[in-house]
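Next up, work_2.cif (mmCIF, C-alpha atoms):
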```
data_coords
loop_
_atom_site.label_atom_id
_atom_site.label_comp_id
_atom_site.auth_asym_id
_atom_site.auth_seq_id
_atom_site.Cartn_x
_atom_site.Cartn_y
_atom_site.Cartn_z
CA MET B 207 -8.21 19.47 -17.33
CA ASN B 208 -11.01 18.61 -14.90
CA THR B 209 -12.97 21.78 -14.07
CA LEU B 210 -15.10 20.29 -11.29
CA PRO B 211 -15.12 22.16 -7.96
CA TRP B 212 -12.84 21.09 -5.12
CA LYS B 213 -14.35 18.43 -2.88
CA ASN B 214 -13.06 20.34 0.12
CA PRO B 215 -12.27 23.92 -0.98
CA GLN B 216 -10.93 24.92 2.43
CA ARG B 217 -8.35 22.12 2.45
CA ALA B 218 -7.36 22.62 -1.19
CA ASN B 219 -6.93 26.36 -0.72
CA ALA B 220 -4.90 25.84 2.45
CA LEU B 221 -2.56 23.48 0.58
CA HIS B 222 -2.08 25.93 -2.28
CA ALA B 223 -1.43 28.74 0.19
CA ALA B 224 1.17 26.70 2.05
CA LEU B 225 2.95 25.78 -1.19
CA ALA B 226 3.15 29.45 -2.13
CA GLN B 227 4.85 30.28 1.17
CA ARG B 228 7.44 27.57 1.82
CA ILE B 229 8.88 24.19 0.93
CA LEU B 230 6.52 21.54 2.27
CA ILE B 231 7.76 18.36 3.91
CA ILE B 232 6.49 14.93 2.86
CA ASP B 233 6.93 12.02 5.27
CA GLY B 234 9.38 9.13 4.91
CA ALA B 235 9.22 5.40 4.30
CA MET B 236 6.42 3.29 5.72
CA GLY B 237 8.09 -0.08 5.08
CA THR B 238 11.31 0.92 6.83
CA MET B 239 9.37 1.78 9.96
CA ILE B 240 7.26 -1.38 9.86
CA GLN B 241 10.42 -3.48 9.67
CA ARG B 242 11.51 -2.07 13.03
CA HIS B 243 8.61 -3.95 14.66
CA GLU B 244 9.85 -7.38 13.48
CA LEU B 245 6.29 -8.57 12.95
CA THR B 246 5.32 -12.22 12.65
CA GLU B 247 2.75 -13.88 10.43
CA ALA B 248 0.31 -13.74 13.36
CA ASP B 249 0.76 -9.96 13.62
CA TYR B 250 -0.16 -9.51 9.99
CA ARG B 251 -3.18 -11.79 10.27
CA GLY B 252 -4.59 -10.47 13.53
CA THR B 253 -7.79 -12.18 14.67
CA ARG B 254 -9.76 -11.51 11.51
CA PHE B 255 -7.43 -13.52 9.26
CA ALA B 256 -6.01 -15.89 11.89
CA ASN B 257 -7.62 -19.00 10.43
CA GLY B 258 -6.31 -18.47 6.91
CA PHE B 259 -9.29 -16.57 5.51
CA ASP B 260 -11.20 -13.34 6.07
CA ALA B 261 -13.60 -14.15 8.90
CA LEU B 262 -15.85 -11.22 7.96
CA PHE B 263 -16.38 -12.52 4.44
CA ALA B 264 -16.37 -16.30 4.93
CA GLN B 265 -19.45 -17.94 3.52
CA GLU B 266 -21.89 -19.28 6.03
CA GLY B 267 -21.06 -22.87 6.85
CA HIS B 268 -17.52 -22.54 5.49
CA HIS B 269 -15.31 -25.43 6.61
CA HIS B 270 -11.71 -24.40 6.30
CA GLY B 271 -9.33 -27.12 5.19
CA PRO B 272 -7.18 -28.49 2.36
CA GLY B 273 -8.57 -27.64 -1.05
CA CYS B 274 -10.85 -24.82 0.08
CA GLY B 275 -8.76 -22.19 -1.71
CA CYS B 276 -7.96 -20.16 1.41
CA GLU B 277 -4.75 -21.80 2.57
CA GLY B 278 -1.17 -21.38 1.48
CA HIS B 279 -1.01 -17.57 1.24
CA ASP B 280 1.28 -16.08 3.83
CA GLN B 281 0.41 -12.49 4.74
CA ARG B 282 3.73 -11.58 6.30
CA GLY B 283 5.05 -8.63 4.31
CA ASN B 284 1.59 -7.51 3.26
CA ASN B 285 2.13 -4.14 4.91
CA ASP B 286 -1.14 -2.61 3.72
CA LEU B 287 -3.09 -5.26 5.63
CA LEU B 288 -1.75 -3.80 8.89
CA SER B 289 -4.19 -0.91 8.49
CA LEU B 290 -6.83 -3.46 9.49
CA THR B 291 -4.95 -5.85 11.77
CA ARG B 292 -2.45 -3.51 13.51
CA PRO B 293 -3.83 0.02 13.02
CA ASP B 294 -1.98 1.04 16.18
CA ILE B 295 1.35 0.55 14.40
CA ILE B 296 0.33 2.50 11.31
CA SER B 297 -1.14 5.34 13.35
CA GLU B 298 2.02 5.56 15.44
CA ILE B 299 4.21 5.75 12.32
CA HIS B 300 2.09 8.59 10.97
CA ARG B 301 2.34 10.35 14.33
CA GLN B 302 6.12 10.06 14.43
CA TYR B 303 6.50 11.55 10.98
CA LEU B 304 4.15 14.40 11.79
CA GLN B 305 6.02 15.16 15.00
CA ALA B 306 9.27 15.07 13.01
CA GLY B 307 7.97 17.94 10.87
CA ALA B 308 6.00 16.40 8.00
CA ASP B 309 3.32 18.59 6.43
CA LEU B 310 1.97 15.72 4.35
CA VAL B 311 1.72 12.03 5.23
CA GLU B 312 1.19 9.23 2.73
CA THR B 313 -1.43 6.56 3.27
CA ASN B 314 -0.39 2.95 3.84
CA THR B 315 -1.92 1.91 0.51
CA PHE B 316 1.01 1.43 -1.87
CA ASN B 317 -0.16 -2.08 -2.82
CA SER B 318 -3.89 -1.62 -2.21
CA THR B 319 -5.04 -2.38 -5.75
CA SER B 320 -6.78 -5.56 -6.83
CA ILE B 321 -3.75 -6.34 -9.01
CA SER B 322 -1.25 -6.29 -6.15
CA LEU B 323 -3.61 -7.79 -3.57
CA ALA B 324 -4.21 -10.78 -5.85
CA ASP B 325 -0.83 -12.08 -4.67
CA TYR B 326 -2.45 -12.53 -1.25
CA ARG B 327 -5.95 -13.44 -2.50
CA LEU B 328 -7.35 -10.37 -0.80
CA GLN B 329 -8.75 -8.47 -3.79
CA HIS B 330 -12.05 -8.02 -1.98
CA LEU B 331 -10.32 -5.66 0.50
CA VAL B 332 -9.35 -2.97 -2.03
CA ARG B 333 -11.89 -0.35 -1.09
CA GLU B 334 -11.69 -1.09 2.64
CA LEU B 335 -7.89 -0.94 2.76
CA ASN B 336 -7.81 2.37 0.92
CA ARG B 337 -10.59 3.84 3.02
CA GLU B 338 -9.05 2.71 6.31
CA GLY B 339 -5.55 3.70 5.22
CA ALA B 340 -6.78 7.22 4.50
CA ARG B 341 -8.84 7.32 7.69
CA LEU B 342 -5.82 6.48 9.86
CA ALA B 343 -3.70 9.15 8.20
CA ARG B 344 -6.57 11.64 8.47
CA ALA B 345 -6.94 11.01 12.20
CA ALA B 346 -3.20 11.46 12.77
CA CYS B 347 -3.15 14.73 10.82
CA ASP B 348 -6.23 16.07 12.57
CA ALA B 349 -4.75 15.29 15.99
CA ILE B 350 -1.54 17.21 15.46
CA GLU B 351 -3.25 19.99 13.53
CA ALA B 352 -5.48 20.56 16.56
CA GLN B 353 -2.30 21.33 18.53
CA THR B 354 -0.90 23.68 15.85
CA PRO B 355 -3.93 25.06 13.99
CA THR B 356 -1.87 27.59 12.02
CA GLN B 357 0.02 24.74 10.32
CA PRO B 358 -2.38 22.44 8.46
CA ARG B 359 -1.35 18.84 7.77
CA PHE B 360 -2.46 16.97 4.67
CA VAL B 361 -3.18 13.37 3.74
CA ILE B 362 -1.72 12.07 0.48
CA GLY B 363 -3.77 9.15 -0.80
CA VAL B 364 -1.19 6.86 -2.41
CA LEU B 365 -1.81 4.90 -5.60
CA GLY B 366 1.18 2.62 -6.25
CA PRO B 367 2.39 1.33 -9.62
CA THR B 368 1.18 -2.31 -9.28
CA SER B 369 3.45 -5.19 -10.24
CA ARG B 370 2.40 -5.11 -13.91
CA THR B 371 3.50 -2.93 -16.80
CA ALA B 372 1.19 -1.98 -19.66
CA SER B 373 4.01 -0.88 -21.98
CA LEU B 374 6.36 -3.85 -21.84
CA SER B 375 6.14 -7.59 -22.23
CA PRO B 376 7.25 -9.74 -19.29
CA ASP B 377 8.21 -12.45 -21.80
CA VAL B 378 11.31 -11.74 -23.91
CA ASN B 379 10.14 -14.35 -26.40
CA ARG B 380 6.80 -12.59 -26.93
CA PRO B 381 7.49 -8.85 -27.26
CA GLY B 382 3.89 -8.12 -28.21
CA PHE B 383 2.42 -9.77 -25.12
CA ARG B 384 1.09 -7.67 -22.25
CA ALA B 385 0.24 -9.05 -18.80
CA ILE B 386 -2.28 -6.25 -18.17
CA THR B 387 -4.41 -3.92 -20.26
CA PHE B 388 -5.08 -0.21 -19.87
CA ASN B 389 -8.74 -0.88 -19.05
CA GLU B 390 -7.85 -3.46 -16.39
CA LEU B 391 -5.47 -1.02 -14.74
CA ALA B 392 -8.02 1.78 -14.87
CA GLU B 393 -10.71 -0.35 -13.25
CA ALA B 394 -8.34 -1.35 -10.46
CA TYR B 395 -7.37 2.26 -9.82
CA ARG B 396 -10.99 3.44 -9.77
CA GLU B 397 -11.80 1.22 -6.81
CA SER B 398 -8.68 2.31 -4.95
CA ALA B 399 -9.35 6.00 -5.58
CA ARG B 400 -12.92 5.67 -4.32
CA GLY B 401 -11.68 4.27 -1.02
CA LEU B 402 -9.02 6.95 -0.56
CA ILE B 403 -11.54 9.71 -1.12
CA GLU B 404 -14.05 8.11 1.26
CA GLY B 405 -11.36 7.89 3.93
CA GLY B 406 -10.60 11.60 3.82
CA ALA B 407 -7.53 12.04 1.59
CA ASP B 408 -6.69 15.66 0.74
CA VAL B 409 -4.58 14.77 -2.30
CA LEU B 410 -4.23 11.74 -4.56
CA MET B 411 -0.70 10.81 -5.65
CA VAL B 412 0.16 8.40 -8.45
CA GLU B 413 3.63 7.49 -7.27
CA THR B 414 6.71 5.41 -8.03
CA VAL B 415 5.70 5.45 -11.69
CA PHE B 416 7.99 3.21 -13.72
CA ASP B 417 5.61 2.94 -16.70
CA THR B 418 3.91 6.11 -17.94
CA LEU B 419 1.07 4.11 -19.49
CA ASN B 420 0.24 2.74 -16.03
CA ALA B 421 0.18 6.31 -14.74
CA LYS B 422 -2.11 7.37 -17.56
CA ALA B 423 -4.52 4.59 -16.61
CA ALA B 424 -4.46 5.75 -12.98
CA LEU B 425 -5.06 9.38 -13.92
CA PHE B 426 -7.85 8.38 -16.31
CA ALA B 427 -9.46 6.39 -13.48
CA ILE B 428 -9.09 9.26 -11.02
CA ASP B 429 -10.82 11.60 -13.45
CA ASP B 430 -13.68 9.11 -13.80
CA VAL B 431 -14.11 8.95 -10.02
CA PHE B 432 -14.10 12.75 -9.78
CA ASP B 433 -16.90 12.80 -12.35
CA GLU B 434 -18.80 10.19 -10.29
CA ILE B 435 -18.72 12.30 -7.13
CA GLY B 436 -19.02 15.65 -8.88
CA ALA B 437 -15.90 17.09 -7.25
CA ARG B 438 -12.11 16.74 -7.37
CA LEU B 439 -8.98 16.64 -5.26
CA PRO B 440 -5.51 17.95 -6.11
CA VAL B 441 -3.43 15.29 -7.89
CA MET B 442 0.31 14.67 -7.63
CA ILE B 443 2.46 12.48 -9.87
CA SER B 444 5.85 11.04 -8.92
CA GLY B 445 7.96 8.96 -11.28
CA THR B 446 10.95 6.69 -10.78
CA ILE B 447 14.26 6.88 -12.63
CA THR B 448 15.24 3.26 -12.41
CA ASP B 449 18.99 3.37 -13.03
CA ALA B 450 21.98 5.37 -14.23
CA SER B 451 20.48 5.65 -17.73
CA GLY B 452 18.32 8.46 -16.42
CA ARG B 453 15.11 6.89 -17.72
CA THR B 454 12.01 5.25 -16.36
CA LEU B 455 11.52 1.52 -16.96
CA SER B 456 9.35 2.35 -19.96
CA GLY B 457 12.21 4.38 -21.43
CA GLN B 458 11.36 8.02 -20.74
CA THR B 459 13.62 10.78 -19.51
CA ALA B 460 12.31 13.09 -16.79
CA GLU B 461 11.48 15.70 -19.43
CA ALA B 462 9.55 13.24 -21.59
CA PHE B 463 7.74 11.96 -18.50
CA TRP B 464 6.52 15.48 -17.73
CA TYR B 465 5.36 16.26 -21.25
CA SER B 466 3.50 12.95 -21.43
CA LEU B 467 1.45 13.95 -18.38
CA ARG B 468 1.39 17.74 -18.52
CA HIS B 469 -2.15 17.77 -19.91
CA VAL B 470 -3.43 16.54 -16.52
CA GLN B 471 -2.22 19.81 -14.95
CA PRO B 472 -1.22 18.12 -11.69
CA LEU B 473 -0.60 19.98 -8.47
CA ALA B 474 2.97 18.63 -8.56
CA ILE B 475 5.27 16.45 -10.64
CA GLY B 476 8.26 14.75 -9.05
CA LEU B 477 10.57 11.81 -8.61
CA ASN B 478 10.95 9.22 -5.85
CA CYS B 479 12.51 5.86 -5.03
CA ALA B 480 15.23 3.79 -6.81
CA LEU B 481 17.98 6.39 -6.29
CA GLY B 482 19.35 8.56 -3.53
CA ALA B 483 19.21 12.34 -3.62
CA LYS B 484 22.67 12.77 -5.19
CA ASP B 485 21.77 10.60 -8.17
CA LEU B 486 18.32 12.16 -8.57
CA ARG B 487 19.62 15.72 -8.54
CA GLN B 488 20.16 16.14 -12.30
CA HIS B 489 16.73 14.72 -13.11
CA VAL B 490 14.95 16.92 -10.59
CA ASP B 491 16.80 19.84 -12.16
CA VAL B 492 15.30 18.94 -15.53
CA LEU B 493 11.78 18.86 -14.09
CA ALA B 494 12.35 22.19 -12.36
CA GLN B 495 13.19 23.77 -15.70
CA VAL B 496 10.37 22.34 -17.81
CA ALA B 497 7.42 21.90 -15.42
CA ASP B 498 4.99 24.78 -15.00
CA THR B 499 3.72 23.31 -11.75
CA TYR B 500 5.19 22.45 -8.35
CA VAL B 501 8.09 19.96 -8.20
CA SER B 502 8.46 17.26 -5.54
CA CYS B 503 11.26 14.92 -4.61
CA HIS B 504 11.36 12.12 -2.06
CA PRO B 505 14.47 10.01 -2.69
CA ASN B 506 15.84 6.94 -0.95
CA ALA B 507 18.39 7.23 1.83
CA GLY B 508 21.14 6.55 -0.69
CA LEU B 509 21.56 3.28 -2.56
CA PRO B 510 20.96 -0.09 -0.86
CA ASN B 511 24.00 -1.77 0.66
CA ALA B 512 24.98 -5.45 0.38
CA PHE B 513 22.39 -6.36 3.02
CA GLY B 514 19.55 -4.42 1.41
CA GLY B 515 19.73 -1.61 3.96
CA TYR B 516 20.33 2.10 3.46
CA ASP B 517 23.32 3.89 4.94
CA GLU B 518 22.77 7.59 4.27
CA THR B 519 22.40 9.39 7.57
CA PRO B 520 19.71 11.99 8.22
CA GLU B 521 22.35 14.72 8.32
CA ASP B 522 23.98 13.66 5.05
CA MET B 523 20.68 13.40 3.22
CA ALA B 524 19.49 16.76 4.54
CA GLU B 525 22.69 18.47 3.39
CA VAL B 526 22.28 17.14 -0.14
CA LEU B 527 18.66 18.25 -0.26
CA ARG B 528 19.59 21.68 1.11
CA GLU B 529 21.45 22.30 -2.15
CA PHE B 530 18.31 21.33 -4.10
CA ALA B 531 16.42 24.06 -2.28
CA GLN B 532 19.20 26.64 -2.55
CA SER B 533 19.28 26.02 -6.31
CA GLY B 534 15.54 26.63 -6.56
CA LEU B 535 14.59 23.10 -7.62
CA ILE B 536 11.88 21.95 -5.20
CA ASN B 537 8.53 22.78 -3.65
CA LEU B 538 7.95 19.54 -1.75
CA VAL B 539 10.58 17.21 -0.32
CA GLY B 540 10.62 14.05 1.78
CA GLY B 541 11.99 10.54 1.86
CA CYS B 542 11.40 7.12 0.34
CA CYS B 543 13.06 3.75 1.07
CA GLY B 544 15.35 3.71 4.09
CA THR B 545 14.20 7.03 5.49
CA THR B 546 12.88 7.44 9.01
CA PRO B 547 11.42 10.18 11.22
CA GLU B 548 15.02 11.12 12.02
CA HIS B 549 15.63 11.79 8.31
CA ILE B 550 12.44 13.83 8.00
CA HIS B 551 13.31 15.83 11.13
CA ALA B 552 16.73 16.71 9.70
CA ILE B 553 15.23 17.62 6.31
CA ALA B 554 12.48 19.75 7.88
CA ASN B 555 15.01 21.64 9.99
CA ILE B 556 17.33 22.34 7.10
CA MET B 557 14.50 23.52 4.82
CA ARG B 558 13.24 26.02 7.37
CA GLY B 559 13.64 29.51 5.95
CA LEU B 560 14.71 28.38 2.48
CA PRO B 561 12.42 29.74 -0.26
CA PRO B 562 10.36 27.38 -2.42
CA ARG B 563 10.99 27.05 -6.13
CA VAL B 564 9.22 29.69 -8.18
CA VAL B 565 6.89 28.03 -10.70
CA PRO B 566 7.88 29.32 -14.14
CA GLN B 567 5.42 30.70 -16.67
CA LEU B 568 6.18 28.69 -19.78
CA GLU B 569 4.84 28.95 -23.31
CA ASP B 570 2.21 26.40 -24.24
CA VAL B 571 3.82 23.63 -26.29
CA ALA B 572 0.48 22.23 -27.48
#
```
Can you present the structure in this file as structure tokens?
Amino acid sequence: MNTLPWKNPQRANALHAALAQRILIIDGAMGTMIQRHELTEADYRGTRFANGFDALFAQEGHHHGPGCGCEGHDQRGNNDLLSLTRPDIISEIHRQYLQAGADLVETNTFNSTSISLADYRLQHLVRELNREGARLARAACDAIEAQTPTQPRFVIGVLGPTSRTASLSPDVNRPGFRAITFNELAEAYRESARGLIEGGADVLMVETVFDTLNAKAALFAIDDVFDEIGARLPVMISGTITDASGRTLSGQTAEAFWYSLRHVQPLAIGLNCALGAKDLRQHVDVLAQVADTYVSCHPNAGLPNAFGGYDETPEDMAEVLREFAQSGLINLVGGCCGTTPEHIHAIANIMRGLPPRVVPQLEDVA
């Protein structure tokens, strides 16, 4: 356990106080909302990247053309880049979720690690994307909090899973091969965490964890960064049950996932993505029984349909999650893929007045 003081004691204490009083609402999907804008390649590039390279980092005298190494990398779909090229869109999405009732908004940084950004040859933007992603979310939270000062809003600095897995081989013919090492993952996460903290995140969340070893690398890196700055932030962890087997991609049940990470003493442990609320229910129940910390859940709006969309209505999703709360399973709840401000509004309304899960006092298993 890291015993450093809170970086911002007032914010950390306000978050703990809110969690003790009620179920807190996390925002919904960023990608779903971005898709509504039907953005083009030019939108993603903006003026800074319009010529196929980063104009702020081009070497003096650079002559862009075939063979220079800059061409051939479309940016369309690189949602994190919009924090730099279309910050108006990202800010507006945060605002909509906050107005819908979110207490916590997630930064637009799911893929802002050097590992994921390598697909776009933009590894040099890691710290900037995380810093600006957190800054945009911070500004949105501060604006609405100024209107309702008795209800603080919090920024969750998101650290995504990357596209690599440290536990499994991507080559069935070479089971001992790994495409990434623990140290490489940790170094990537350090740079991302630094940016999120600089941008004003209240919490860091290692989310959509499909490989617990990846999560351990992220948490190790976070601890290193806390030591660097001499202070800490609350940390959340959210895993992903990938299919009906009830296990993560690296083979752990929800219970095993918790016990693998319990030593970190996170603010919250939870599950998100891959499944809708109905299918996640039994696994959230397990966490609620074994975790002596807060439990979060932000599921998809059901399972994807034949066209890759999500059909669960805000009302249907809210009703399912109401039962989670009535059964004493959750402390934080929101939405993942397919969810919108309409979903978050319905969830926030239905959670109003329902008591949060009581954190159990469990015997130490160490």
>> Please determine, counting all atoms listed in the file, which residue among B:Glu397, B:Asp309, B:Glu404, B:Glu390 has the shortest atom-to-atom distance to Ala340 of chain B.
In response: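 For Ala340 of chain B, the nearest of the candidates is B:Glu404.
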>> On this structure, the PyMOL selection byres ((chain B and resi 346-361) around 6) would catch which residues? List them as a PyMOL selection string, sorted by chain and number.
In response: chain B and resi 301+309-311+343-345+362+407-408
> From the set B:Val412, B:Ala423, B:Leu287, B:Ala483, which residue has the shortest atom-to-atom contact distance to Ile386 of chain B, counting all atoms listed in the file?
Replying inline: B:Ala423
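Taking atom CA of Val431 of chain B and atom CA of Ile443 of chain B as endpoints, the distance between them is 16.9 Å.
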> Which residues fall under the PyMOL selection byres ((chain B and resi 488-492) around 10) in this file, as a ChimeraX atom specification?
Replying inline: /B:447,452-453,459-461,464,475-478,483-487,493-497,501-503,530,533-536
